[in-house]
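Novice: Sharing a structure here in structure tokens format.
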Amino acid sequence: MLNPFTVSRRNILRSAGVGFGHLALSGLLGSIAGKAAAQELNSNNPLAPKRPPLPAKAKRIIFLFMEGAISSVDTFEYKPELERRHGKSGPGGGTLTASRFNFKQYGESGAYFSELLPNIATHADELCFMRGLYTDTPAHPQAVVQLHTGSANAALTRPSWGSWLLYGLGTDNQNLPGYITINPPIAFGGASNYGSAFLPAYYQGTAITDQGFMPNIKAATEKDLERQQIDLIQDFNHDAALAPGASDAIDGVIKSYELGFRMQDTVPELLDISKEPQHVLDAYGVKPGQEGSFSRQCLMAPRLSEAGVRFVEIRQAGWDHHTNLHQGLIDQSRMIDQPTSALLNDLRQRGLLEDTLVLFGSEFGRLPTSQGADGRDHNITGYAMFMTGAGVKKGFSYGATDDIGMAAVDGRMHINDLHATLLALMGIDHERLTYRYEGRDFRLTNVAGVVQHQVFA
Amino acid sequence: MDPADRFIWRHAPRRLEAEEIRDSILQSSGQLDLSHPLGSPSMRLRMIEMRDDGPVVHSILKAADRSPYRSIYLPQLRGEVPRPLAAFDPVSQTLVTGQRDETTVPTQALFMLNSPFVREQSLFLASELLRDKRITETQQIRSAFERIVARDPSPAEIAKVKLFLGRYSKTWKEAQPNNGESFKATLANVSGTAQGRKPFDMTDGVFRSDNLSQDDPDDTSKQFADETPVLVVPDSARQAAWAAFVQSLYGSAEFQFVR
């Protein structure tokens, strides 16, 4: 496997019969942790931050994943024509069903929001809507995987977009994972949504629960004792890596011990939201249990971003309203509205919105026609997401679905186009960030993707 | 040659699966009970939906922690992965999985270093190896290598381990608090080898239901913290050093990858 950033050095080291991990190890064996960390930074560290090849507008991303497909026509896509044609038959069958929620305009941009998201609506003038999205498959497993990896092809799992970002840009804080996913999907592709597939293993995402819990993060013994133990393990690993026919993943194992050792200090501190002052907990609407799951995630995400994590994903599941659309939307919106708004406010106050990109959306949308008495079915032909933060226009809408909210007719963006645009905002040319695997240069956007410059500020 | 393992004369090194790692650790520490368990902790559950942060799930996870049986007999509730399996790409219970992921992440390193499961099994094996006073330290080290990575250590490795054992016990002694706190080996599950143990009731301690209204998301009274600390404390410097050495072998890539 060729790694274009370190190809010649790695080949030289390999041919000299010394594994890649040796450089990191030589500084680590028998030395104290501090000196070891410093040396590893100076050595050939694939996670070291790299300057983006193009002018970057955003340095990091926070993705608010609304799993299950949030209904746009009930939240932030106002379709008066849908109201007028309520009860009539829709294109391709079904009965057009207007939203039961009232819409209002907000801010100077006049963006419409329904009564479900009053807090997010206050940010209307900061948001950049993409209203012409579309995707390929109407089933959650494939669509979620396509959203996260660029391809729904189950025959070959692709690396997740966070992994591509790490591969292209490294990460700023070497004591934290560069890609963290809080409350990741347990179904619909599961670990593939934050995995690295054929990219080297250290680019994969680290999963954390919505309680901020990472199993085994607390050191079980004193620092010195643990360091001696890790040194012995790395010694064994070093020998294993040199053995003929050794797995390439052993380098990843070596790295993972060093990162794990440092994480024991850095991670619990970042995830401990119990130490936050009450007014902050109130602003986010933090509650215990399932009801407060997203509020806790929203509280953790800016802290991680601020600490230098390149890509943070948080997830609120439960938007798949084939039934119970009305009450379901009310309940779900209640759980995300205030926390999302607080997250945006928090980022703004910390000055992080200048160079952090926030994305809010789902794997596909829902139809303007009804399903049963109180539901909407999947819609892959047109739906909306919004972004805010570094590099994107404020109070802006790009693209549109038709006047009943069915299919994207204007500014159409496929998931590949979304990915191309996000990469471009981070300073990466999606066609140039490739990885050679099994004789072919792969990239996140597969063989497609067009950067939508219209959203750039 | 043949990177896709199309021919069967050899295969590329592969990482052991989660179940294989757990079973191998239990086997080498002597704790694995190969008999067929009578029933499963989830037998007692009622057919109702339950909270994933409630007492029922908590008790199931604890039962899974305690189980000395092979991993295929562990209770697998949808969305609740038994803790000893969680770090090494277990399969999601909601999907058909044709091929497992093979990730290498720091959570696995942290599992090997800090999980009660690995530390307990390391202590078991260490106690066992130290029990026979007649054999030399070199032979004890050989025995550890044989049981865990199925090979003889080289003389260099034996020397390395002896050096480690000396340094570690010295540091361990110095690190002990002098505040009169007594600590004994708290082997949280069962002691003795698998053969000497009578079969225990797999459903012992399992809650049948939450007795909670399903629409009561604000009820915090029955929530459990994710981890109640399980103390695994050696009773001497020598035992501590040996447990650490055994644990290091478990944590090494050589144990996790089969060639």
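A note on labels: chains of the structure tokens are A, B, ... as shown, every chain counts residues from 1, and ligands are counted from 1 in their shown order.
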Which neighbours of Tyr202 in chain A fall inside 7 Å, counting only C-alpha atoms, when residues of the same chain fewer than 6 positions from it are skipped, and could you give them as a list in words?
Specialist: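 Non-adjacent residues within range: Gly252 of chain A; Thr104 and Val105 of chain B.
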Novice: Counting only C-alpha atoms, a student should be able to say which residues of chain A come within 6 Å of chain B; what is the right answer, written as a PDB file with N, CA and C atoms, in the first residue's frame?
Specialist:
```
ATOM      1  N   ALA A 201      -5.391   1.795   9.635  1.00  0.00           N
ATOM      2  CA  ALA A 201      -6.307   1.676  10.770  1.00  0.00           C
ATOM      3  C   ALA A 201      -6.350   2.891  11.678  1.00  0.00           C
ATOM      4  N   ASN A 216     -13.072   1.654  29.843  1.00  0.00           N
ATOM      5  CA  ASN A 216     -11.662   1.425  30.166  1.00  0.00           C
ATOM      6  C   ASN A 216     -10.765   2.638  29.995  1.00  0.00           C
ATOM      7  N   ALA A 219      -7.067   4.781  33.906  1.00  0.00           N
ATOM      8  CA  ALA A 219      -5.897   3.938  34.125  1.00  0.00           C
ATOM      9  C   ALA A 219      -6.098   3.082  35.368  1.00  0.00           C
ATOM     10  N   ALA A 220      -5.780   1.797  35.243  1.00  0.00           N
ATOM     11  CA  ALA A 220      -6.028   0.886  36.365  1.00  0.00           C
ATOM     12  C   ALA A 220      -4.884   0.879  37.363  1.00  0.00           C
ATOM     13  N   ILE A 233       4.971  -4.216  26.375  1.00  0.00           N
ATOM     14  CA  ILE A 233       4.066  -4.579  25.276  1.00  0.00           C
ATOM     15  C   ILE A 233       4.626  -4.103  23.942  1.00  0.00           C
ATOM     16  N   ASN A 237       5.540  -5.977  20.586  1.00  0.00           N
ATOM     17  CA  ASN A 237       4.938  -5.589  19.315  1.00  0.00           C
ATOM     18  C   ASN A 237       5.988  -5.297  18.255  1.00  0.00           C
ATOM     19  N   ALA A 240       7.161  -8.442  16.934  1.00  0.00           N
ATOM     20  CA  ALA A 240       6.123  -9.060  16.102  1.00  0.00           C
ATOM     21  C   ALA A 240       6.054  -8.388  14.744  1.00  0.00           C
ATOM     22  N   SER A 247       1.407  -8.879  10.151  1.00  0.00           N
ATOM     23  CA  SER A 247       0.290  -8.064   9.667  1.00  0.00           C
ATOM     24  C   SER A 247       0.658  -6.587   9.676  1.00  0.00           C
ATOM     25  N   GLY A 252      -0.469  -0.179  13.595  1.00  0.00           N
ATOM     26  CA  GLY A 252      -1.639   0.438  14.212  1.00  0.00           C
ATOM     27  C   GLY A 252      -1.738   0.089  15.683  1.00  0.00           C
ATOM     28  N   SER A 256      -1.740   2.604  18.708  1.00  0.00           N
ATOM     29  CA  SER A 256      -2.934   2.669  19.557  1.00  0.00           C
ATOM     30  C   SER A 256      -2.557   2.637  21.031  1.00  0.00           C
ATOM     31  N   TYR A 257      -1.469   1.967  21.383  1.00  0.00           N
ATOM     32  CA  TYR A 257      -1.060   1.972  22.794  1.00  0.00           C
ATOM     33  C   TYR A 257      -0.588   3.340  23.232  1.00  0.00           C
ATOM     34  N   GLY A 260      -3.655   5.551  23.393  1.00  0.00           N
ATOM     35  CA  GLY A 260      -4.462   5.138  24.538  1.00  0.00           C
ATOM     36  C   GLY A 260      -3.885   5.662  25.842  1.00  0.00           C
ATOM     37  N   GLU A 291     -33.999  11.201  27.166  1.00  0.00           N
ATOM     38  CA  GLU A 291     -34.533  12.521  26.836  1.00  0.00           C
ATOM     39  C   GLU A 291     -33.412  13.536  26.648  1.00  0.00           C
TER      40      GLU A 291
END
```
Novice: Quick one: pull the distance between CA of Arg334 in chain A and CA of Ser362 in chain A, Å, one decimal.
Specialist: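 Atom-to-atom, CA of Arg334 in chain A and CA of Ser362 in chain A are spaced 17.2 Å apart.
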Novice: Need to verify the contact set: Ile141 in chain B, 9 Å, only C-alpha atoms, exclusion of same-chain residues closer than 6 positions in sequence. Can you return it as an MDAnalysis selection string?
Specialist: chainID B and resid 129 153 158 161:162
Novice: Would you save the residues from that selection as a short mmCIF file (atom, residue, chain, number, x, y, z; two decimals), in the first residue's frame, using N, CA and C atoms?
Specialist:
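Resulting contents of part-v4.cif:
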```cif
data_model
loop_
_atom_site.label_atom_id
_atom_site.label_comp_id
_atom_site.auth_asym_id
_atom_site.auth_seq_id
_atom_site.Cartn_x
_atom_site.Cartn_y
_atom_site.Cartn_z
N LEU B 129 0.75 -19.60 37.89
CA LEU B 129 2.14 -19.84 37.52
C LEU B 129 3.05 -19.78 38.74
N PRO B 153 9.91 -18.74 24.51
CA PRO B 153 10.57 -17.43 24.41
C PRO B 153 12.04 -17.60 24.08
N ILE B 158 13.51 -13.88 27.55
CA ILE B 158 13.49 -14.27 28.96
C ILE B 158 14.22 -13.24 29.81
N VAL B 161 12.10 -10.14 30.17
CA VAL B 161 10.99 -10.29 31.11
C VAL B 161 11.49 -10.27 32.54
N LYS B 162 12.64 -10.92 32.77
CA LYS B 162 13.18 -10.90 34.14
C LYS B 162 13.50 -9.49 34.59
#
```
Novice: Using backbone DSSP assignments, extract all alpha helix (DSSP H) residues from range 154-376 of chain A; output them as a ChimeraX atom specification.
Specialist: /A:161-169,223-242,249-271,278-284,293-306,325-349
Novice: Would you pick out the contacts of Ala407 in chain A at 10 Å or less, using only C-alpha atoms, so that residues sharing its chain but fewer than 3 positions from it are not included, and give the list as a PyMOL selection string?
Specialist: chain A and resi 131-134+367-368+379-383+400-404+410+412
Novice: Just want the 9 Å neighbourhood of Leu304 in chain A, counted on only C-alpha atoms, with same-chain residues fewer than 4 positions away dropped. Output as a list in words.
Specialist: Leu176, Ile180, Val267, Leu270, Leu271, Met300, Gly308, Val309, Arg310 and Val312 of chain A
Novice: What is the CA of Asp282 in chain A-CA of Asn173 in chain A distance in Å, reported with one decimal?
Specialist: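 Answer for the CA of Asp282 in chain A to CA of Asn173 in chain A separation: 29.3 Å.
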Novice: CA of Gly328 in chain A and CA of Ser370 in chain A, how far apart in Å?
Specialist: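 Separation of CA of Ser370 in chain A and CA of Gly328 in chain A: 14.6 Å.
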Novice: Please provide the set of residues having any atom within 8 Å of Ile415 in chain A, restricted to only C-alpha atoms, with same-chain residues fewer than 2 positions apart removed, written as a list in words.
Specialist: Leu133, Tyr134, Thr135, Gln146, Leu147, Gly150, Met413, Asp417, Leu418, His419 and Gly449 of chain A
Novice: Can you write out the residues you just picked, keeping C-alpha atoms, as a compact mmCIF listing (two decimals), in the first residue's frame?
Specialist:
```txt
# COMPACT_ATOMS: atom_id res chain seq x y z
CA LEU A 133 -30.05 17.28 -2.01
CA TYR A 134 -30.76 13.85 -3.37
CA THR A 135 -29.37 10.37 -2.89
CA GLN A 146 -23.57 6.30 1.62
CA LEU A 147 -23.86 9.48 3.63
CA GLY A 150 -19.67 8.05 -0.18
CA MET A 413 -26.61 18.10 -4.91
CA ASP A 417 -21.44 16.71 -4.37
CA LEU A 418 -22.00 17.32 -0.67
CA HIS A 419 -18.79 15.49 0.14
CA GLY A 449 -18.86 14.87 -7.06
```
Novice: With distances taken over only C-alpha atoms, which of B:Ala18, B:Ile25, B:Ala4, B:Leu130 is nearest to Val81 in chain B?
Specialist: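 Of the candidates, the smallest distance to Val81 in chain B is held by B:Ala18.
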Novice: Which residue, A:Thr356, A:Thr149, A:Asn45, A:Ser72, has the smallest gap to Trp319 in chain A when you use only C-alpha atoms?
Specialist: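 Under the stated criterion, the closest residue is A:Ser72.
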Novice: Find the spatial neighbours of Asp355 in chain A, counting only C-alpha atoms, within a cut-off of 8 Å - ignore same-chain residues fewer than 4 positions away - and output them as a list in words.
Specialist: Lys57, Ala58, Lys59, Arg60, Gly389, Ala390 and Gly391 of chain A
Novice: What does the file look like for those residues with C-alpha atoms, as a short mmCIF file (atom, residue, chain, number, x, y, z; two decimals), in the first residue's frame?
Specialist:
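Heads up, here's the output in part38.cif:
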```cif
data_model
loop_
_atom_site.label_atom_id
_atom_site.label_comp_id
_atom_site.auth_asym_id
_atom_site.auth_seq_id
_atom_site.Cartn_x
_atom_site.Cartn_y
_atom_site.Cartn_z
CA LYS A 57 -12.05 27.85 5.19
CA ALA A 58 -12.83 25.34 7.90
CA LYS A 59 -10.42 23.54 10.15
CA ARG A 60 -12.87 21.12 11.69
CA GLY A 389 -19.81 28.36 10.28
CA ALA A 390 -16.50 28.64 8.53
CA GLY A 391 -16.55 29.46 4.88
#
```
Novice: Smallest atom-to-atom distance to Ser24 in chain B: which of B:Leu125, B:Leu85, B:Val56, B:Ile148, using only C-alpha atoms?
Specialist: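 Ranking B:Leu125, B:Leu85, B:Val56, B:Ile148 by distance to Ser24 in chain B, first place goes to B:Ile148.
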